[in-house]
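Pasting final-v3.cif here (mmCIF, C-alpha atoms):
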```cif
data_input
#
loop_
_atom_site.group_PDB
_atom_site.id
_atom_site.type_symbol
_atom_site.label_atom_id
_atom_site.label_comp_id
_atom_site.auth_asym_id
_atom_site.auth_seq_id
_atom_site.Cartn_x
_atom_site.Cartn_y
_atom_site.Cartn_z
ATOM 1 C CA MET A 1 109.611 5.258 21.505
ATOM 2 C CA ILE A 2 107.190 7.587 19.727
ATOM 3 C CA LEU A 3 104.443 9.446 21.565
ATOM 4 C CA ALA A 4 101.337 10.997 20.065
ATOM 5 C CA VAL A 5 99.162 13.484 21.936
ATOM 6 C CA SER A 6 95.563 13.612 20.752
ATOM 7 C CA TYR A 7 91.959 13.243 21.847
ATOM 8 C CA ARG A 8 90.394 9.884 22.687
ATOM 9 C CA GLU A 9 89.764 7.588 19.710
ATOM 10 C CA ASP A 10 91.367 9.922 17.176
ATOM 11 C CA LEU A 11 91.331 7.795 14.020
ATOM 12 C CA HIS A 12 94.530 9.333 12.639
ATOM 13 C CA ALA A 13 96.525 8.587 15.788
ATOM 14 C CA VAL A 14 95.186 5.033 16.047
ATOM 15 C CA ALA A 15 95.866 4.265 12.369
ATOM 16 C CA VAL A 16 99.435 5.568 12.550
ATOM 17 C CA GLN A 17 99.994 3.713 15.833
ATOM 18 C CA HIS A 18 99.028 0.455 14.111
ATOM 19 C CA ALA A 19 101.318 1.183 11.151
ATOM 20 C CA VAL A 20 104.309 1.992 13.361
ATOM 21 C CA ARG A 21 103.780 -0.971 15.690
ATOM 22 C CA SER A 22 103.429 -3.344 12.754
ATOM 23 C CA ARG A 23 107.046 -2.489 11.951
ATOM 24 C CA GLY A 24 108.184 -3.426 15.435
ATOM 25 C CA HIS A 25 108.466 0.051 16.953
ATOM 26 C CA ASP A 26 107.052 1.402 20.208
ATOM 27 C CA PHE A 27 104.199 3.893 19.793
ATOM 28 C CA HIS A 28 101.904 5.240 22.530
ATOM 29 C CA ILE A 29 98.981 7.656 22.483
ATOM 30 C CA VAL A 30 98.454 10.122 25.326
ATOM 31 C CA GLU A 31 94.837 11.260 25.415
ATOM 32 C CA CYS A 32 94.633 14.976 26.113
ATOM 33 C CA ASP A 33 90.913 14.902 26.925
ATOM 34 C CA THR A 34 90.844 12.074 29.513
ATOM 35 C CA ILE A 35 93.315 13.484 32.034
ATOM 36 C CA GLY A 36 90.571 14.716 34.353
ATOM 37 C CA GLY A 37 88.949 12.059 36.533
ATOM 38 C CA ARG A 38 91.896 9.633 36.722
ATOM 39 C CA VAL A 39 95.583 9.616 37.602
ATOM 40 C CA ALA A 40 96.999 10.394 34.165
ATOM 41 C CA LEU A 41 100.260 12.271 34.743
ATOM 42 C CA SER A 42 102.872 13.178 37.328
ATOM 43 C CA TRP A 43 106.027 15.297 37.527
ATOM 44 C CA HIS A 44 108.323 15.953 40.471
ATOM 45 C CA SER A 45 110.946 18.705 40.575
ATOM 46 C CA HIS A 46 113.027 17.552 43.574
ATOM 47 C CA GLY A 47 111.442 15.158 46.020
ATOM 48 C CA LYS A 48 112.359 11.988 47.793
ATOM 49 C CA THR A 49 109.506 9.901 46.456
ATOM 50 C CA CYS A 50 110.914 9.860 42.931
ATOM 51 C CA ALA A 51 113.933 11.075 41.036
ATOM 52 C CA PRO A 52 114.171 14.834 40.452
ATOM 53 C CA GLY A 53 112.439 15.843 37.240
ATOM 54 C CA ARG A 54 110.843 12.432 36.930
ATOM 55 C CA ALA A 55 107.718 12.478 34.751
ATOM 56 C CA THR A 56 105.140 9.826 33.993
ATOM 57 C CA LEU A 57 102.212 9.748 31.619
ATOM 58 C CA VAL A 58 99.452 7.157 31.363
ATOM 59 C CA THR A 59 98.671 6.115 27.784
ATOM 60 C CA SER A 60 95.355 5.333 26.105
ATOM 61 C CA GLU A 61 95.968 1.652 26.921
ATOM 62 C CA GLY A 62 96.738 2.260 30.595
ATOM 63 C CA ALA A 63 100.509 1.848 30.324
ATOM 64 C CA THR A 64 102.799 4.213 32.222
ATOM 65 C CA VAL A 65 105.564 5.818 30.149
ATOM 66 C CA ASP A 66 108.360 8.271 30.765
ATOM 67 C CA PRO A 67 108.400 11.054 28.138
ATOM 68 C CA GLU A 68 112.175 11.350 28.547
ATOM 69 C CA GLU A 69 112.457 7.956 26.850
ATOM 70 C CA ALA A 70 110.620 9.090 23.718
ATOM 71 C CA SER A 71 112.600 10.180 20.688
ATOM 72 C CA ARG A 72 109.712 11.798 18.829
ATOM 73 C CA LEU A 73 106.445 13.405 19.886
ATOM 74 C CA TRP A 74 103.585 13.902 17.467
ATOM 75 C CA TRP A 75 101.695 16.944 18.797
ATOM 76 C CA ARG A 76 98.593 15.833 16.936
ATOM 77 C CA ARG A 77 95.542 17.413 18.639
ATOM 78 C CA ALA A 78 96.253 18.578 22.182
ATOM 79 C CA ARG A 79 93.717 21.300 23.010
ATOM 80 C CA ALA A 80 90.476 19.367 23.520
ATOM 81 C CA ASP A 81 88.372 19.917 26.626
ATOM 82 C CA GLN A 82 88.206 17.190 29.250
ATOM 83 C CA GLU A 83 85.436 14.631 28.922
ATOM 84 C CA ILE A 84 84.773 14.854 32.650
ATOM 85 C CA SER A 85 84.152 18.609 32.371
ATOM 86 C CA GLU A 86 80.932 17.927 30.485
ATOM 87 C CA ARG A 87 79.464 16.494 33.695
ATOM 88 C CA VAL A 88 80.347 19.574 35.765
ATOM 89 C CA SER A 89 77.597 22.163 36.106
ATOM 90 C CA SER A 90 79.714 25.128 37.208
ATOM 91 C CA ASP A 91 81.311 27.167 34.421
ATOM 92 C CA HIS A 92 84.147 28.119 36.755
ATOM 93 C CA GLN A 93 84.889 24.516 37.736
ATOM 94 C CA ARG A 94 84.675 23.404 34.111
ATOM 95 C CA SER A 95 87.142 26.112 33.103
ATOM 96 C CA LEU A 96 89.483 25.152 35.962
ATOM 97 C CA ILE A 97 89.476 21.464 34.989
ATOM 98 C CA ASN A 98 90.089 22.146 31.317
ATOM 99 C CA ASN A 99 92.774 24.777 31.856
ATOM 100 C CA ASP A 100 94.687 22.860 34.535
ATOM 101 C CA CYS A 101 94.638 19.542 32.671
ATOM 102 C CA ARG A 102 95.711 21.240 29.449
ATOM 103 C CA GLY A 103 98.403 23.266 31.191
ATOM 104 C CA ALA A 104 99.742 20.355 33.226
ATOM 105 C CA LEU A 105 100.123 18.113 30.174
ATOM 106 C CA ALA A 106 101.859 20.824 28.160
ATOM 107 C CA GLY A 107 104.103 21.712 31.091
ATOM 108 C CA VAL A 108 105.147 18.144 31.861
ATOM 109 C CA LEU A 109 106.047 17.530 28.231
ATOM 110 C CA ALA A 110 107.912 20.832 27.908
ATOM 111 C CA ALA A 111 109.942 19.965 31.003
ATOM 112 C CA ALA A 112 110.544 16.252 30.412
ATOM 113 C CA PHE A 113 110.506 15.569 26.675
ATOM 114 C CA HIS A 114 113.806 16.302 24.939
ATOM 115 C CA GLY A 115 113.280 14.732 21.535
ATOM 116 C CA ASP A 116 111.878 15.848 18.187
ATOM 117 C CA TRP A 117 108.496 17.645 18.146
ATOM 118 C CA ILE A 118 106.097 17.173 15.222
ATOM 119 C CA SER A 119 105.589 20.137 15.403
ATOM 120 C CA SER A 120 106.407 22.179 18.498
ATOM 121 C CA PRO A 121 103.436 23.647 20.405
ATOM 122 C CA GLU A 122 104.749 27.150 19.798
ATOM 123 C CA ALA A 123 105.027 26.675 16.023
ATOM 124 C CA THR A 124 101.700 24.850 15.868
ATOM 125 C CA ASP A 125 99.849 27.600 17.723
ATOM 126 C CA ARG A 126 101.469 30.442 15.803
ATOM 127 C CA SER A 127 100.981 28.763 12.438
ATOM 128 C CA SER A 128 97.311 28.127 13.149
ATOM 129 C CA ASP A 129 96.828 31.887 12.808
ATOM 130 C CA LYS A 130 95.577 32.163 9.227
ATOM 131 C CA VAL A 131 96.285 35.867 8.976
ATOM 132 C CA TYR A 132 99.915 35.231 9.912
ATOM 133 C CA GLN A 133 100.072 32.309 7.442
ATOM 134 C CA LEU A 134 98.996 34.528 4.577
ATOM 135 C CA ALA A 135 101.688 37.097 5.370
ATOM 136 C CA VAL A 136 104.385 34.410 5.530
ATOM 137 C CA ALA A 137 103.210 32.725 2.319
ATOM 138 C CA LYS A 138 103.241 36.050 0.487
ATOM 139 C CA GLU A 139 106.763 36.780 1.737
ATOM 140 C CA ALA A 140 107.830 33.347 0.462
ATOM 141 C CA GLY A 141 106.635 34.196 -3.055
ATOM 142 C CA PHE A 142 103.145 32.722 -3.225
ATOM 143 C CA ARG A 143 100.226 34.594 -4.668
ATOM 144 C CA VAL A 144 97.640 34.938 -1.912
ATOM 145 C CA PRO A 145 94.050 36.178 -2.243
ATOM 146 C CA GLN A 146 93.369 39.808 -1.446
ATOM 147 C CA THR A 147 92.109 39.579 2.119
ATOM 148 C CA LEU A 148 90.247 41.737 4.615
ATOM 149 C CA VAL A 149 89.747 40.778 8.272
ATOM 150 C CA SER A 150 87.246 43.205 9.733
ATOM 151 C CA GLN A 151 84.105 43.947 11.739
ATOM 152 C CA SER A 152 83.355 47.069 9.737
ATOM 153 C CA ARG A 153 80.349 46.948 7.399
ATOM 154 C CA LYS A 154 81.730 50.017 5.641
ATOM 155 C CA ASP A 155 85.092 48.337 5.001
ATOM 156 C CA VAL A 156 83.453 45.131 3.728
ATOM 157 C CA ILE A 157 81.276 47.098 1.288
ATOM 158 C CA ALA A 158 84.327 49.002 0.027
ATOM 159 C CA PHE A 159 86.310 45.775 -0.265
ATOM 160 C CA THR A 160 83.638 44.052 -2.376
ATOM 161 C CA LYS A 161 83.442 47.055 -4.695
ATOM 162 C CA GLU A 162 87.221 47.049 -5.116
ATOM 163 C CA VAL A 163 87.763 43.299 -5.464
ATOM 164 C CA GLY A 164 84.604 42.032 -7.135
ATOM 165 C CA ARG A 165 83.497 38.530 -6.170
ATOM 166 C CA VAL A 166 84.201 37.999 -2.469
ATOM 167 C CA ILE A 167 83.892 35.024 -0.125
ATOM 168 C CA VAL A 168 83.692 34.941 3.661
ATOM 169 C CA LYS A 169 84.927 32.379 6.191
ATOM 170 C CA PRO A 170 85.738 32.273 9.921
ATOM 171 C CA VAL A 171 89.019 33.636 11.200
ATOM 172 C CA VAL A 172 89.444 30.633 13.526
ATOM 173 C CA GLY A 173 86.159 28.748 13.735
ATOM 174 C CA ALA A 174 84.724 26.750 16.625
ATOM 175 C CA VAL A 175 84.153 23.221 17.841
ATOM 176 C CA GLY A 176 80.915 21.840 16.432
ATOM 177 C CA PRO A 177 79.288 21.961 13.001
ATOM 178 C CA SER A 178 81.648 23.074 10.243
ATOM 179 C CA LEU A 179 81.284 26.628 8.998
ATOM 180 C CA TYR A 180 81.911 26.412 5.286
ATOM 181 C CA THR A 181 83.134 29.146 2.986
ATOM 182 C CA SER A 182 80.269 31.262 1.641
ATOM 183 C CA TRP A 183 79.667 34.038 -0.846
ATOM 184 C CA VAL A 184 79.321 37.633 0.289
ATOM 185 C CA ASP A 185 76.181 38.803 -1.500
ATOM 186 C CA GLY A 186 74.942 42.346 -1.043
ATOM 187 C CA PRO A 187 76.725 43.419 2.156
ATOM 188 C CA GLU A 188 74.782 46.699 1.922
ATOM 189 C CA SER A 189 71.627 44.800 2.900
ATOM 190 C CA ILE A 190 73.189 43.173 5.983
ATOM 191 C CA PRO A 191 72.693 45.003 9.312
ATOM 192 C CA GLU A 192 75.760 46.641 10.779
ATOM 193 C CA GLY A 193 75.427 44.650 13.994
ATOM 194 C CA SER A 194 75.916 41.386 12.110
ATOM 195 C CA PHE A 195 79.422 42.488 11.122
ATOM 196 C CA GLU A 196 80.270 43.824 14.570
ATOM 197 C CA VAL A 197 79.591 40.554 16.435
ATOM 198 C CA CYS A 198 83.083 39.288 15.611
ATOM 199 C CA PRO A 199 85.724 39.687 12.890
ATOM 200 C CA ALA A 200 85.473 37.514 9.786
ATOM 201 C CA THR A 201 87.811 36.821 6.884
ATOM 202 C CA TYR A 202 86.741 38.295 3.538
ATOM 203 C CA GLN A 203 88.718 37.248 0.485
ATOM 204 C CA GLU A 204 88.951 37.726 -3.240
ATOM 205 C CA TYR A 205 87.401 34.754 -5.039
ATOM 206 C CA ILE A 206 90.009 32.812 -7.008
ATOM 207 C CA GLU A 207 88.599 31.616 -10.314
ATOM 208 C CA GLY A 208 88.930 27.972 -11.321
ATOM 209 C CA ASN A 209 87.725 24.521 -10.325
ATOM 210 C CA ARG A 210 90.999 22.796 -9.389
ATOM 211 C CA HIS A 211 91.715 22.561 -5.669
ATOM 212 C CA VAL A 212 94.961 21.060 -4.378
ATOM 213 C CA ARG A 213 95.459 19.377 -1.014
ATOM 214 C CA LEU A 214 99.136 18.882 -0.157
ATOM 215 C CA ASN A 215 100.073 16.483 2.620
ATOM 216 C CA CYS A 216 103.545 17.582 3.681
ATOM 217 C CA PHE A 217 105.448 15.097 5.835
ATOM 218 C CA GLY A 218 108.939 16.432 6.401
ATOM 219 C CA ASP A 219 110.650 16.825 3.023
ATOM 220 C CA HIS A 220 108.048 14.743 1.186
ATOM 221 C CA MET A 221 104.773 15.987 -0.294
ATOM 222 C CA TYR A 222 101.797 14.037 -1.557
ATOM 223 C CA GLY A 223 99.275 16.026 -3.542
ATOM 224 C CA ALA A 224 95.603 15.459 -4.284
ATOM 225 C CA LEU A 225 93.705 17.295 -7.031
ATOM 226 C CA ILE A 226 90.023 17.929 -6.306
ATOM 227 C CA ALA A 227 87.976 19.006 -9.324
ATOM 228 C CA THR A 228 84.763 20.791 -8.377
ATOM 229 C CA GLU A 229 82.867 23.958 -9.120
ATOM 230 C CA ALA A 230 81.802 24.161 -5.463
ATOM 231 C CA LEU A 231 83.101 27.087 -3.458
ATOM 232 C CA ASP A 232 84.110 24.746 -0.613
ATOM 233 C CA TRP A 233 84.930 21.166 -1.602
ATOM 234 C CA ARG A 234 84.642 19.645 1.890
ATOM 235 C CA PRO A 235 80.876 18.928 2.047
ATOM 236 C CA ASP A 236 80.882 16.751 -1.097
ATOM 237 C CA LEU A 237 83.696 14.334 -1.935
ATOM 238 C CA ASN A 238 81.730 12.686 -4.745
ATOM 239 C CA VAL A 239 83.758 14.622 -7.275
ATOM 240 C CA PRO A 240 86.868 13.702 -9.303
ATOM 241 C CA ILE A 241 89.805 13.370 -6.869
ATOM 242 C CA SER A 242 93.187 12.070 -7.976
ATOM 243 C CA ALA A 243 96.838 12.041 -6.992
ATOM 244 C CA TRP A 244 98.607 15.214 -8.112
ATOM 245 C CA PRO A 245 102.329 15.157 -8.910
ATOM 246 C CA VAL A 246 103.772 18.144 -7.059
ATOM 247 C CA PRO A 247 105.854 20.393 -9.359
ATOM 248 C CA GLU A 248 109.336 21.097 -8.052
ATOM 249 C CA TYR A 249 108.788 24.861 -7.878
ATOM 250 C CA VAL A 250 105.630 24.389 -5.793
ATOM 251 C CA SER A 251 107.461 21.983 -3.501
ATOM 252 C CA ARG A 252 110.258 24.508 -2.968
ATOM 253 C CA GLN A 253 107.837 27.322 -2.167
ATOM 254 C CA VAL A 254 105.763 25.235 0.233
ATOM 255 C CA LYS A 255 108.885 24.007 2.037
ATOM 256 C CA GLU A 256 110.002 27.596 2.457
ATOM 257 C CA VAL A 257 106.646 28.586 3.976
ATOM 258 C CA LEU A 258 106.708 25.637 6.390
ATOM 259 C CA ARG A 259 110.321 26.427 7.293
ATOM 260 C CA ARG A 260 109.423 30.014 8.124
ATOM 261 C CA LEU A 261 106.472 28.805 10.163
ATOM 262 C CA GLY A 262 108.641 26.293 12.020
ATOM 263 C CA LEU A 263 106.453 23.341 10.990
ATOM 264 C CA ARG A 264 107.768 19.804 10.476
ATOM 265 C CA MET A 265 104.533 18.797 8.740
ATOM 266 C CA GLY A 266 101.377 20.441 7.472
ATOM 267 C CA VAL A 267 98.337 19.961 5.254
ATOM 268 C CA VAL A 268 98.255 22.775 2.713
ATOM 269 C CA ASP A 269 95.319 23.975 0.616
ATOM 270 C CA LEU A 270 96.026 25.652 -2.712
ATOM 271 C CA LYS A 271 93.839 26.598 -5.651
ATOM 272 C CA LEU A 272 94.973 26.585 -9.257
ATOM 273 C CA THR A 273 93.874 29.476 -11.437
ATOM 274 C CA PRO A 274 92.617 28.704 -14.972
ATOM 275 C CA GLU A 275 96.189 29.511 -16.097
ATOM 276 C CA GLY A 276 97.604 26.981 -13.622
ATOM 277 C CA GLU A 277 99.079 29.397 -11.097
ATOM 278 C CA PRO A 278 98.948 27.995 -7.534
ATOM 279 C CA VAL A 279 97.349 30.363 -5.023
ATOM 280 C CA TRP A 280 97.988 29.853 -1.322
ATOM 281 C CA LEU A 281 94.850 29.451 0.791
ATOM 282 C CA GLU A 282 96.006 28.015 4.108
ATOM 283 C CA VAL A 283 97.936 25.358 6.022
ATOM 284 C CA ASN A 284 96.569 23.234 8.832
ATOM 285 C CA PRO A 285 99.530 22.237 11.033
ATOM 286 C CA GLN A 286 97.754 18.975 11.927
ATOM 287 C CA GLY A 287 95.248 18.499 9.127
ATOM 288 C CA GLN A 288 93.191 15.455 8.179
ATOM 289 C CA PHE A 289 94.658 13.190 5.503
ATOM 290 C CA LEU A 290 93.242 9.667 5.971
ATOM 291 C CA PHE A 291 90.130 10.389 3.888
ATOM 292 C CA LEU A 292 92.318 10.821 0.802
ATOM 293 C CA GLU A 293 93.812 7.308 0.936
ATOM 294 C CA PRO A 294 90.943 5.483 -0.833
ATOM 295 C CA LEU A 295 90.280 8.451 -3.108
ATOM 296 C CA THR A 296 93.818 8.859 -4.471
ATOM 297 C CA GLY A 297 95.371 5.434 -3.860
ATOM 298 C CA GLN A 298 98.174 7.058 -1.861
ATOM 299 C CA PRO A 299 99.153 5.003 1.243
ATOM 300 C CA LEU A 300 99.269 8.098 3.419
ATOM 301 C CA THR A 301 99.195 6.255 6.746
ATOM 302 C CA GLU A 302 102.282 4.258 5.813
ATOM 303 C CA LEU A 303 103.959 7.323 4.351
ATOM 304 C CA PHE A 304 103.345 9.236 7.554
ATOM 305 C CA ALA A 305 104.733 6.302 9.548
ATOM 306 C CA ASP A 306 107.842 6.457 7.312
ATOM 307 C CA PHE A 307 108.190 10.116 8.226
ATOM 308 C CA LEU A 308 107.843 9.516 11.966
ATOM 309 C CA LEU A 309 110.348 6.675 11.936
ATOM 310 C CA SER A 310 112.890 8.383 9.700
ATOM 311 C CA ALA A 311 114.409 10.347 12.574
ATOM 312 C CA ALA A 312 113.091 8.374 15.528
ATOM 313 C CA ALA A 313 115.267 5.281 15.264
#
```
Whole structure given in C-alpha cells:
Amino acid sequence: MILAVSYREDLHAVAVQHAVRSRGHDFHIVECDTIGGRVALSWHSHGKTCAPGRATLVTSEGATVDPEEASRLWWRRARADQEISERVSSDHQRSLINNDCRGALAGVLAAAFHGDWISSPEATDRSSDKVYQLAVAKEAGFRVPQTLVSQSRKDVIAFTKEVGRVIVKPVVGAVGPSLYTSWVDGPESIPEGSFEVCPATYQEYIEGNRHVRLNCFGDHMYGALIATEALDWRPDLNVPISAWPVPEYVSRQVKEVLRRLGLRMGVVDLKLTPEGEPVWLEVNPQGQFLFLEPLTGQPLTELFADFLLSAAA
C-alpha cells in the first residue's frame, strides 16, 4: 500500500493515485487539511480498547487504513491549514486547531509508519530553506548566483553596485497570490522602512533566455527547456517549451545535491548561461510537474508512478 499526504483535491495526488491504481496497486490519499471537524485519525500507546501502538487514518474516500501496512509514503503537501479553521472567529482557536491537527498527523505517522518516505518531513523542511539549498549546491560544485539576504537598505545598495543587475524574490513566500521575481531598480530611492519590514533575497541576474526545469524522481530525471526573455517564466507558458535531454554531468551534480539534502525527489530550477553553463537556482522538494506533460510530451504522471512503485512492491 502507498499513502500520499496532501491537501483536499490536490490534482497531483489524484492523478498519481489513478495511475498507480490502474496498475492494480493500493493507493490512498490522506487529506491534511480536513482532519478538523471529523474523526480522521487515532493512535493508542497502550490501552485495552486497541492494540498498543495501533494507528488509524481515514482517507479522502472515507476508508480506514493502518499506516503500518504502507510500504511507501509520499509526503506531498502536508502543512495546509484546516478547512474548518476558516469558520472559527478566534485567532487563538484557529491556531490551536491548525497546530494540533498538523502535529497529530505528523506524530501518528512518525510513530506508526515504518516504510519509505518520499521524502522525510525533516529533509523536506530543511531543504525548503533556499538559503541552505544554495550553500549545499555550491558545495556540490554548481555555480550559484551571488546572493544577499538582508533587511539593510545600505547592504542592498552596496550589493547592486558590486554585482550590477540584481533581482529580488521572497525568502519563503506566502499562501495566496504568487510573488514573482522582480528587478531591483534604484534601491537608493526606496525608503529604508520598506527593506526593514522583512528580509528578502537579492541575487545577481544570470544572463540568458534558457530556463531548465528538472523533475527528479529517484535516480531518473526528466528535463524541460523553457525559452523566454522574461525574468520569471511562470506567469506565461505561451513560450517555446520542450523536453531537454539531461547531460550526464548535470545529472551527477543534481543527484549529489539531492543526496546531501536527503531528498528522494525534487523539482529543480536551473538557468543556462549564453555559454551553456547550468546555474543552480533552487529545488522544490515537492514541486509541480503535471503542467509540463502536454507541453513536453513527457508522461510525467506515469513516470512518477513508476518511481513510487519501484521500491513499494
Spatial neighbours of Ser150 in chain A, 12 Å, only C-alpha atoms, chain gap at least 2 places, as a PyMOL selection string: chain A and resi 131+147-148+152-159+168-171+194-203
Distance in Å - CA of Asp306 in chain A versus CA of Leu263 in chain A: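 Between CA of Asp306 in chain A and CA of Leu263 in chain A the gap is 17.3 Å.
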Residue IDs satisfying the PyMOL selection byres ((chain A and resi 122) around 12), as a list of chain:residue names: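 On this input, the PyMOL selection byres ((chain A and resi 122) around 12) captures A:Trp75, A:Ala106, A:Ala110, A:Trp117, A:Ile118, A:Ser119, A:Ser120, A:Pro121, A:Ala123, A:Thr124, A:Asp125, A:Arg126, A:Ser127, A:Ser128, A:Asp129, A:Leu261, A:Gly262, A:Leu263, A:Pro285.
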Distance in Å - CA of Tyr132 in chain A versus CA of Gln146 in chain A: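 CA of Tyr132 in chain A sits 13.9 Å away from CA of Gln146 in chain A.
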Could you work out an axis-aligned box for range 251-256 of chain A, taking every atom the file lists and adding 8 Å on each side, and report centre and edge lengths in Å to one decimal, as lines of an AutoDock Vina configuration file?
```
center_x = 108.0
center_y = 24.8
center_z = -0.5
size_x = 20.5
size_y = 21.6
size_z = 22.0
```
CA of Ile2 in chain A to CA of Asn284 in chain A, distance in Å rounded to a single decimal: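 A separation of 21.8 Å between them.
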Taking the file as I've supplied it (selection: the PyMOL selection byres ((chain A and resi 36-38) around 7)), which residues are included? Please answer as a PDB file with C-alpha atoms, in the coordinates of the input.
```pdb
ATOM      1  CA  THR A  34      90.844  12.074  29.513  1.00  0.00           C
ATOM      2  CA  ILE A  35      93.315  13.484  32.034  1.00  0.00           C
ATOM      3  CA  VAL A  39      95.583   9.616  37.602  1.00  0.00           C
ATOM      4  CA  ALA A  40      96.999  10.394  34.165  1.00  0.00           C
ATOM      5  CA  GLN A  82      88.206  17.190  29.250  1.00  0.00           C
ATOM      6  CA  ILE A  84      84.773  14.854  32.650  1.00  0.00           C
ATOM      7  CA  ILE A  97      89.476  21.464  34.989  1.00  0.00           C
ATOM      8  CA  CYS A 101      94.638  19.542  32.671  1.00  0.00           C
TER       9      CYS A 101
END
```
Which of A:Leu225, A:Ala80, A:Ile190, A:Ile29 sits closest to Gly62 in chain A [using all atoms listed in the file]: A:Ile29
Protein/DNA/RNA residues near (81.0, 13.3, -10.7), cut 12 Å, all atoms listed in the file, as a tab-separated table (two decimals) with C-alpha atoms, in the frame of the given file:
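Done, and the output landed in out_31.tsv:
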```
chain	number	residue	atom	x	y	z
A	226	ILE	CA	90.02	17.93	-6.31
A	227	ALA	CA	87.98	19.01	-9.32
A	228	THR	CA	84.76	20.79	-8.38
A	229	GLU	CA	82.87	23.96	-9.12
A	236	ASP	CA	80.88	16.75	-1.10
A	237	LEU	CA	83.70	14.33	-1.94
A	238	ASN	CA	81.73	12.69	-4.74
A	239	VAL	CA	83.76	14.62	-7.28
A	240	PRO	CA	86.87	13.70	-9.30
A	241	ILE	CA	89.80	13.37	-6.87
```
